[in-house]
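> Pasting final-v9.txt here (compact mmCIF, C-alpha atoms):
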```
# COMPACT_ATOMS: atom_id res chain seq x y z
CA MET E 1 0.00 0.00 0.00
CA ASP E 2 1.29 3.46 -0.89
CA ILE E 3 1.89 5.85 2.00
CA LEU E 4 1.48 9.51 1.09
CA ASP E 5 3.21 12.32 2.97
CA GLY E 6 0.16 14.58 2.70
CA ILE E 7 -3.01 15.32 0.75
CA ALA E 8 -1.76 18.03 -1.64
CA GLY E 9 -1.37 15.65 -4.56
CA LEU E 10 -5.00 14.51 -4.35
CA ALA E 11 -6.66 17.80 -3.49
CA ASP E 12 -7.83 18.82 -6.95
CA ARG E 13 -9.47 15.45 -7.63
CA TYR E 14 -12.18 16.12 -5.05
CA ASP E 15 -14.71 18.83 -4.24
CA GLY E 16 -15.68 17.58 -0.79
CA TYR E 17 -13.86 16.09 2.18
CA VAL E 18 -15.36 13.94 4.94
CA LEU E 19 -12.96 13.92 7.88
CA ASP E 20 -13.01 11.84 11.02
CA LEU E 21 -12.30 13.89 14.15
CA TRP E 22 -10.72 11.78 16.93
CA GLY E 23 -7.46 10.42 15.54
CA VAL E 24 -7.47 12.50 12.35
CA VAL E 25 -8.24 16.14 13.13
CA HIS E 26 -7.33 16.03 16.84
CA ASP E 27 -6.00 13.66 19.50
CA GLY E 28 -8.89 14.17 21.90
CA LYS E 29 -7.26 17.20 23.49
CA ARG E 30 -5.89 19.40 20.70
CA PRO E 31 -5.68 19.48 16.89
CA TYR E 32 -2.69 17.76 15.35
CA ALA E 33 -0.18 20.46 14.45
CA PRO E 34 -0.45 20.24 10.62
CA VAL E 35 -4.26 20.10 10.53
CA PRO E 36 -5.22 23.81 10.54
CA ASP E 37 -2.91 24.51 7.60
CA ALA E 38 -4.25 21.50 5.66
CA LEU E 39 -7.82 22.66 6.20
CA ALA E 40 -6.91 26.23 5.22
CA GLN E 41 -5.27 24.98 2.02
CA LEU E 42 -8.43 23.06 1.10
CA LYS E 43 -10.72 26.00 1.89
CA ALA E 44 -8.51 28.33 -0.17
CA ARG E 45 -9.22 26.05 -3.12
CA GLY E 46 -12.97 26.19 -2.58
CA LYS E 47 -13.30 22.70 -1.12
CA ARG E 48 -16.19 21.71 1.16
CA ILE E 49 -15.27 20.06 4.47
CA VAL E 50 -17.54 18.15 6.85
CA PHE E 51 -16.44 16.37 10.01
CA LEU E 52 -18.08 12.96 10.48
CA THR E 53 -17.56 11.43 13.89
CA ASN E 54 -18.96 8.53 15.86
CA ALA E 55 -18.96 10.72 18.96
CA PRO E 56 -22.13 10.12 21.04
CA ARG E 57 -22.99 13.82 21.34
CA ARG E 58 -24.94 16.22 19.21
CA SER E 59 -23.18 18.39 16.64
CA TRP E 60 -23.62 21.63 18.60
CA PHE E 61 -21.82 20.04 21.56
CA ILE E 62 -18.92 18.88 19.37
CA GLN E 63 -18.56 22.32 17.82
CA GLY E 64 -18.15 23.71 21.32
CA MET E 65 -15.37 21.19 21.96
CA LEU E 66 -13.60 22.23 18.76
CA ASP E 67 -13.98 25.90 19.67
CA ARG E 68 -12.32 25.23 23.03
CA MET E 69 -9.49 23.44 21.22
CA GLY E 70 -8.94 26.60 19.18
CA LEU E 71 -9.99 25.23 15.79
CA ASP E 72 -11.33 28.09 13.65
CA PRO E 73 -14.95 27.37 12.54
CA ALA E 74 -14.15 29.01 9.20
CA LEU E 75 -11.99 25.96 8.38
CA TYR E 76 -14.96 23.59 7.99
CA ASP E 77 -18.54 23.62 6.75
CA GLY E 78 -20.42 21.28 9.05
CA ILE E 79 -20.40 18.48 11.61
CA MET E 80 -22.35 15.24 11.61
CA SER E 81 -22.06 12.88 14.56
CA SER E 82 -23.56 9.57 15.54
CA GLY E 83 -25.05 11.46 18.49
CA GLU E 84 -26.80 13.87 16.13
CA ALA E 85 -28.06 10.99 13.97
CA THR E 86 -29.34 9.19 17.08
CA TRP E 87 -31.18 12.29 18.24
CA MET E 88 -32.77 12.64 14.81
CA MET E 89 -33.89 8.99 14.79
CA LEU E 90 -35.32 9.23 18.32
CA HIS E 91 -37.06 12.46 17.39
CA ASP E 92 -38.53 11.35 14.06
CA ARG E 93 -39.19 7.66 14.86
CA LYS E 94 -39.37 6.99 11.11
CA HIS E 95 -36.80 4.21 10.99
CA PRO E 96 -38.57 0.87 11.62
CA TRP E 97 -36.22 -0.13 14.44
CA PHE E 98 -36.73 3.17 16.25
CA ALA E 99 -40.47 3.22 15.57
CA LYS E 100 -40.90 0.16 17.80
CA LEU E 101 -39.08 1.68 20.79
CA GLY E 102 -40.84 3.05 23.81
CA ARG E 103 -39.70 6.39 25.18
CA ARG E 104 -38.13 5.38 28.50
CA ALA E 105 -34.36 4.86 28.36
CA PHE E 106 -31.85 3.47 30.83
CA HIS E 107 -28.58 5.26 30.11
CA ILE E 108 -25.06 3.86 30.36
CA GLY E 109 -22.53 6.61 29.74
CA PRO E 110 -21.36 9.97 31.06
CA GLU E 111 -23.70 12.86 31.71
CA ARG E 112 -21.99 14.93 29.00
CA ASP E 113 -23.55 12.62 26.37
CA LEU E 114 -27.14 13.40 27.30
CA SER E 115 -27.59 15.88 24.47
CA VAL E 116 -28.70 12.81 22.46
CA ALA E 117 -31.82 12.63 24.64
CA GLU E 118 -32.62 16.35 24.87
CA ASP E 119 -35.87 18.03 23.82
CA GLY E 120 -37.90 15.10 25.13
CA VAL E 121 -36.85 12.53 22.51
CA ALA E 122 -36.32 10.05 25.36
CA GLU E 123 -37.26 9.93 29.04
CA LEU E 124 -34.35 8.80 31.21
CA VAL E 125 -35.18 6.35 34.00
CA ALA E 126 -33.11 5.14 36.94
CA THR E 127 -33.26 1.36 36.50
CA PRO E 128 -33.52 -1.17 33.67
CA ALA E 129 -36.79 -2.42 35.16
CA GLU E 130 -38.40 0.93 34.30
CA ALA E 131 -36.92 1.19 30.81
CA ASP E 132 -38.09 0.41 27.29
CA PHE E 133 -34.57 0.46 25.84
CA LEU E 134 -30.90 0.82 26.74
CA LEU E 135 -29.16 4.00 25.59
CA ASN E 136 -25.46 3.15 25.40
CA THR E 137 -23.19 6.14 24.86
CA GLY E 138 -20.05 4.51 26.28
CA PRO E 139 -18.04 4.38 29.49
CA ASP E 140 -18.86 6.56 32.47
CA PRO E 141 -16.55 8.16 35.07
CA ASP E 142 -17.42 5.67 37.83
CA ARG E 143 -16.58 2.47 35.96
CA GLY E 144 -13.88 3.99 33.80
CA SER E 145 -12.76 3.79 30.20
CA HIS E 146 -10.20 0.98 30.27
CA SER E 147 -12.18 -2.26 30.65
CA ALA E 148 -15.63 -3.15 29.33
CA ASP E 149 -15.90 -5.99 31.87
CA ARG E 150 -16.79 -3.53 34.65
CA TYR E 151 -20.05 -2.86 32.80
CA LEU E 152 -21.09 -6.51 32.61
CA PRO E 153 -23.36 -6.55 35.71
CA ALA E 154 -25.39 -3.59 34.38
CA LEU E 155 -25.56 -5.14 30.91
CA GLU E 156 -26.71 -8.45 32.36
CA GLU E 157 -29.51 -6.67 34.22
CA CYS E 158 -30.58 -4.91 31.03
CA ALA E 159 -30.59 -8.25 29.21
CA ARG E 160 -32.86 -9.75 31.86
CA TYR E 161 -35.48 -7.21 30.81
CA LYS E 162 -34.71 -7.82 27.12
CA LEU E 163 -33.96 -4.16 26.51
CA PRO E 164 -33.03 -3.26 22.93
CA MET E 165 -29.73 -1.35 22.85
CA VAL E 166 -29.15 1.88 20.96
CA CYS E 167 -25.35 2.01 20.61
CA VAL E 168 -24.55 5.66 19.94
CA ASN E 169 -20.87 5.10 19.11
CA PRO E 170 -19.93 2.02 17.04
CA ASP E 171 -16.21 2.59 17.73
CA ARG E 172 -14.64 -0.06 19.93
CA ALA E 173 -11.78 2.18 21.04
CA VAL E 174 -10.34 5.66 20.63
CA MET E 175 -7.03 7.37 21.30
CA VAL E 176 -7.22 10.36 23.66
CA GLY E 177 -3.98 12.16 24.38
CA GLY E 178 -2.00 9.05 23.48
CA GLU E 179 -4.10 6.73 25.68
CA LYS E 180 -6.34 3.99 24.26
CA LEU E 181 -9.84 4.07 25.76
CA ILE E 182 -12.92 1.92 25.15
CA CYS E 183 -16.05 3.27 23.45
CA ALA E 184 -19.71 2.27 23.36
CA GLY E 185 -19.04 -0.36 20.69
CA ALA E 186 -17.02 -2.37 23.22
CA LEU E 187 -20.09 -2.49 25.48
CA ALA E 188 -22.24 -3.56 22.52
CA ASP E 189 -19.85 -6.47 21.95
CA LEU E 190 -20.42 -7.60 25.55
CA TYR E 191 -24.18 -7.19 25.25
CA LYS E 192 -24.63 -9.11 22.00
CA PRO E 193 -24.32 -12.63 23.51
CA LEU E 194 -26.77 -11.58 26.24
CA HIS E 195 -29.38 -9.93 24.01
CA ASP E 196 -28.64 -9.26 20.37
CA ASP E 197 -31.27 -6.61 19.63
CA ILE E 198 -28.74 -3.82 19.02
CA PHE E 199 -28.78 -0.86 16.64
CA GLU E 200 -25.43 0.85 16.11
CA VAL E 201 -25.75 4.42 14.87
CA GLY E 202 -22.86 5.84 12.84
CA LYS E 203 -20.00 4.62 10.69
CA PRO E 204 -19.80 2.12 9.00
CA ASP E 205 -23.56 2.34 8.35
CA PRO E 206 -23.76 4.12 4.96
CA THR E 207 -27.00 5.90 5.86
CA ILE E 208 -25.11 8.41 8.00
CA TYR E 209 -23.44 9.70 4.82
CA GLU E 210 -26.78 10.97 3.49
CA PRO E 211 -26.91 14.00 5.87
CA VAL E 212 -23.17 14.42 5.31
CA MET E 213 -23.75 14.87 1.57
CA ASP E 214 -26.46 17.41 2.39
CA LEU E 215 -23.99 19.35 4.54
CA LEU E 216 -21.41 19.21 1.78
CA GLY E 217 -23.97 20.46 -0.73
CA LEU E 218 -22.75 17.87 -3.23
CA THR E 219 -24.46 15.07 -5.12
CA ASP E 220 -21.58 13.32 -6.91
CA ARG E 221 -19.95 10.98 -4.42
CA ARG E 222 -17.11 10.31 -6.88
CA ARG E 223 -15.92 13.84 -6.07
CA VAL E 224 -15.80 13.22 -2.29
CA LEU E 225 -12.87 11.86 -0.26
CA ALA E 226 -13.10 10.47 3.28
CA ILE E 227 -10.10 10.36 5.63
CA GLY E 228 -10.11 8.18 8.74
CA ASP E 229 -7.81 6.23 11.04
CA THR E 230 -10.00 3.14 11.54
CA PRO E 231 -10.66 0.52 8.85
CA HIS E 232 -13.63 -1.04 10.68
CA THR E 233 -15.64 2.20 10.76
CA ASP E 234 -14.11 5.06 8.75
CA LEU E 235 -12.88 3.13 5.73
CA ALA E 236 -15.66 0.53 5.71
CA GLY E 237 -18.27 3.27 5.94
CA ALA E 238 -16.76 5.20 3.05
CA ASP E 239 -16.66 2.04 0.92
CA ALA E 240 -20.29 1.25 1.75
CA ALA E 241 -21.31 4.80 0.84
CA GLY E 242 -19.45 4.76 -2.47
CA ILE E 243 -16.84 7.31 -1.38
CA ASP E 244 -13.06 7.14 -1.89
CA SER E 245 -10.96 7.03 1.26
CA LEU E 246 -7.50 7.57 2.68
CA TRP E 247 -6.23 5.73 5.75
CA ALA E 248 -4.67 8.25 8.16
CA MET E 249 -1.66 6.93 10.07
CA THR E 250 -2.55 8.86 13.20
CA GLY E 251 -4.81 7.99 16.14
CA LEU E 252 -5.58 4.27 16.37
CA ALA E 253 -3.56 3.54 13.22
CA GLU E 254 -0.43 5.02 14.75
CA ALA E 255 -1.04 3.13 17.99
CA ALA E 256 -1.32 -0.13 16.04
CA HIS E 257 1.41 0.37 13.43
CA GLY E 258 3.82 2.87 14.97
CA PRO E 259 5.37 5.97 13.38
CA ASN E 260 6.84 4.03 10.43
CA PRO E 261 4.16 1.62 9.25
CA ASP E 262 4.96 -1.32 7.00
CA PRO E 263 3.09 -0.92 3.68
CA ALA E 264 2.70 -4.69 3.33
CA LYS E 265 1.15 -5.01 6.79
CA LEU E 266 -1.23 -2.16 6.01
CA ALA E 267 -2.29 -3.85 2.80
CA ALA E 268 -2.85 -7.13 4.66
CA GLU E 269 -4.99 -5.46 7.33
CA ALA E 270 -7.04 -3.61 4.73
CA ALA E 271 -7.65 -6.88 2.89
CA HIS E 272 -8.62 -8.60 6.16
CA GLU E 273 -11.10 -5.80 6.92
CA GLY E 274 -12.41 -5.87 3.35
CA VAL E 275 -11.71 -2.18 2.71
CA ARG E 276 -10.13 -0.46 -0.26
CA PRO E 277 -8.49 2.87 0.62
CA LEU E 278 -6.70 4.68 -2.19
CA ALA E 279 -3.60 4.82 -0.01
CA ALA E 280 -2.43 5.53 3.50
CA VAL E 281 -1.42 9.07 4.47
CA ARG E 282 0.94 10.01 7.29
CA GLY E 283 -1.59 12.46 8.64
CA LEU E 284 -4.03 15.21 7.73
CA ARG E 285 -1.40 17.57 6.43
CA TRP E 286 -0.81 19.41 3.22
```
Go through the file and emit its structure as structure tokens.

Amino acid sequence: MDILDGIAGLADRYDGYVLDLWGVVHDGKRPYAPVPDALAQLKARGKRIVFLTNAPRRSWFIQGMLDRMGLDPALYDGIMSSGEATWMMLHDRKHPWFAKLGRRAFHIGPERDLSVAEDGVAELVATPAEADFLLNTGPDPDRGSHSADRYLPALEECARYKLPMVCVNPDRAVMVGGEKLICAGALADLYKPLHDDIFEVGKPDPTIYEPVMDLLGLTDRRRVLAIGDTPHTDLAGADAAGIDSLWAMTGLAEAAHGPNPDPAKLAAEAAHEGVRPLAAVRGLRW
């Protein structure tokens, strides 16, 4: 697999860019150093940029995070998150799986994720016995972000009541400040043998790319490039949506392959995951 130094050589082939956030634009605490310049170079050429993240929070919340990191809002055109998509599905109840849900949710996750239930789209209850479904946004401060096993007793109780699970972040792990932490997808993996009625919102489901295309204001997916650090979600989602992709060697990819990845090993992993990125790229840099 080819490993590119940056995106300059591909820039003119595409009108729109779909960028993962954690592990591509920032490390969970601050933007990677070359990112603002890369975004500015794309915007100077009239390119449209949308961030697509499996973060279990609404887009307005994520924009606030980016603002606090110092990323200029003029460098991108929109944000779509799995949290935003979940809120929309709970609000509209048009999707068949969501149409069958009751309104009472037992939440596993931190309080900061509760924007996905705001405006009355779900009523939070204190115990699984009171709930119609399980709202899984990921690890909470009490049980921590390093081991999914600490959540097993709560998941077993939810399974006893046969609660369907809304998994608001299909990622299994994420890098934050150089530390690997579990995400909601890791809890979904534990829940599946107990009760397999689970709906994962976000990448790699291709339906989340429909609102992304609306934000981009584009119709021709052949003129759109996605950049992500995770084959299982970012690259697989782009493939499923009919969008070209680059595999960023930052975030989880850097944690797995180190600062000098072996092209042959990258090609083997891509083949194992069934994804077809155009190439790898050392990072989101010009």
> Which residue gives the smallest distance to E:Ala226 among E:Ala55, E:Leu10, E:Val18, E:Leu163, with only C-alpha atoms counted?
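Between E:Ala55, E:Leu10, E:Val18, E:Leu163, the residue approaching E:Ala226 most closely is E:Val18.
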> List as an MDAnalysis selection string the protein and nucleic acid residues near E:Cys158, meaning an atom at most 9 Å away when only C-alpha atoms are counted, but skip any in the same chain fewer than 4 places from it.
chainID E and resid 106 127:129 131 133:134 153:154 162:165 191 195
> Using all atoms listed in the file, pick whichever of E:Leu52, E:Val201, E:Ile3, E:Ile243 has the shortest atom-to-atom distance to E:Arg221.
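Going through E:Leu52, E:Val201, E:Ile3, E:Ile243 one by one, the smallest distance to E:Arg221 is for E:Ile243.
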> Find the spatial neighbours of E:Gly237, counting all atoms listed in the file, within a cut-off of 9 Å - ignore same-chain residues fewer than 4 positions away - and output them as a VMD selection string.
chain E and resid 202 to 206 208 to 209 231 to 233 241 to 243
> Neighbouring residues of E:Asp5 were defined as those with any atom within 9 Å, considering all atoms listed in the file; residues of the same chain fewer than 3 positions away were excluded. Please report them as a PyMOL selection string.
chain E and resi 8+280-283+285-286
> Rank nothing, just name the residue among E:Ala271, E:Glu118, E:Asn54, E:Tyr161 nearest to E:Ala173, using all atoms listed in the file.
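Of all the options, E:Asn54 lies closest to E:Ala173.
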> Excluding E:Arg112 and its own-chain neighbours fewer than 2 positions away, which residues fall within 10 Å of it when counting all atoms listed in the file? Please give them as a list in words.
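That gives Pro56, Arg57, Phe61, Gly109, Pro110, Leu114, Ser115, Val116, Thr137 and Asp140 of chain E.
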> For E:Leu19, find every residue with an atom within 9 Å (counting only C-alpha atoms), except residues of its own chain fewer than 5 positions away, and show them as a list in words.
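Answer for this query is Val24, Val25, Ile49, Val50, Phe51, Leu52, Thr53, Leu225, Ala226, Ile227, Gly228 and Asp234 of chain E.
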> Between atom CA of E:Lys100 and atom CA of E:Ala238, what is the spacing in Å?
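Pair atom CA of E:Ala238 / atom CA of E:Lys100 returns 28.7 Å.
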> Expressed in Å to a single decimal, how great is the separation between atom CA of E:Gly258 and atom CA of E:Leu246?
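If I compute the distance from atom CA of E:Gly258 to atom CA of E:Leu246, I get 17.4 Å.
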> Distance atom CA of E:Gly251-atom CA of E:Leu215, one decimal place?
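Value for the atom CA of E:Gly251-atom CA of E:Leu215 distance: 25.1 Å.
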> With distances taken over all atoms listed in the file, which of E:Leu90, E:Ala85, E:Ala44, E:Leu21 is nearest to E:Gln63?
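Going through E:Leu90, E:Ala85, E:Ala44, E:Leu21 one by one, the smallest distance to E:Gln63 is for E:Leu21.
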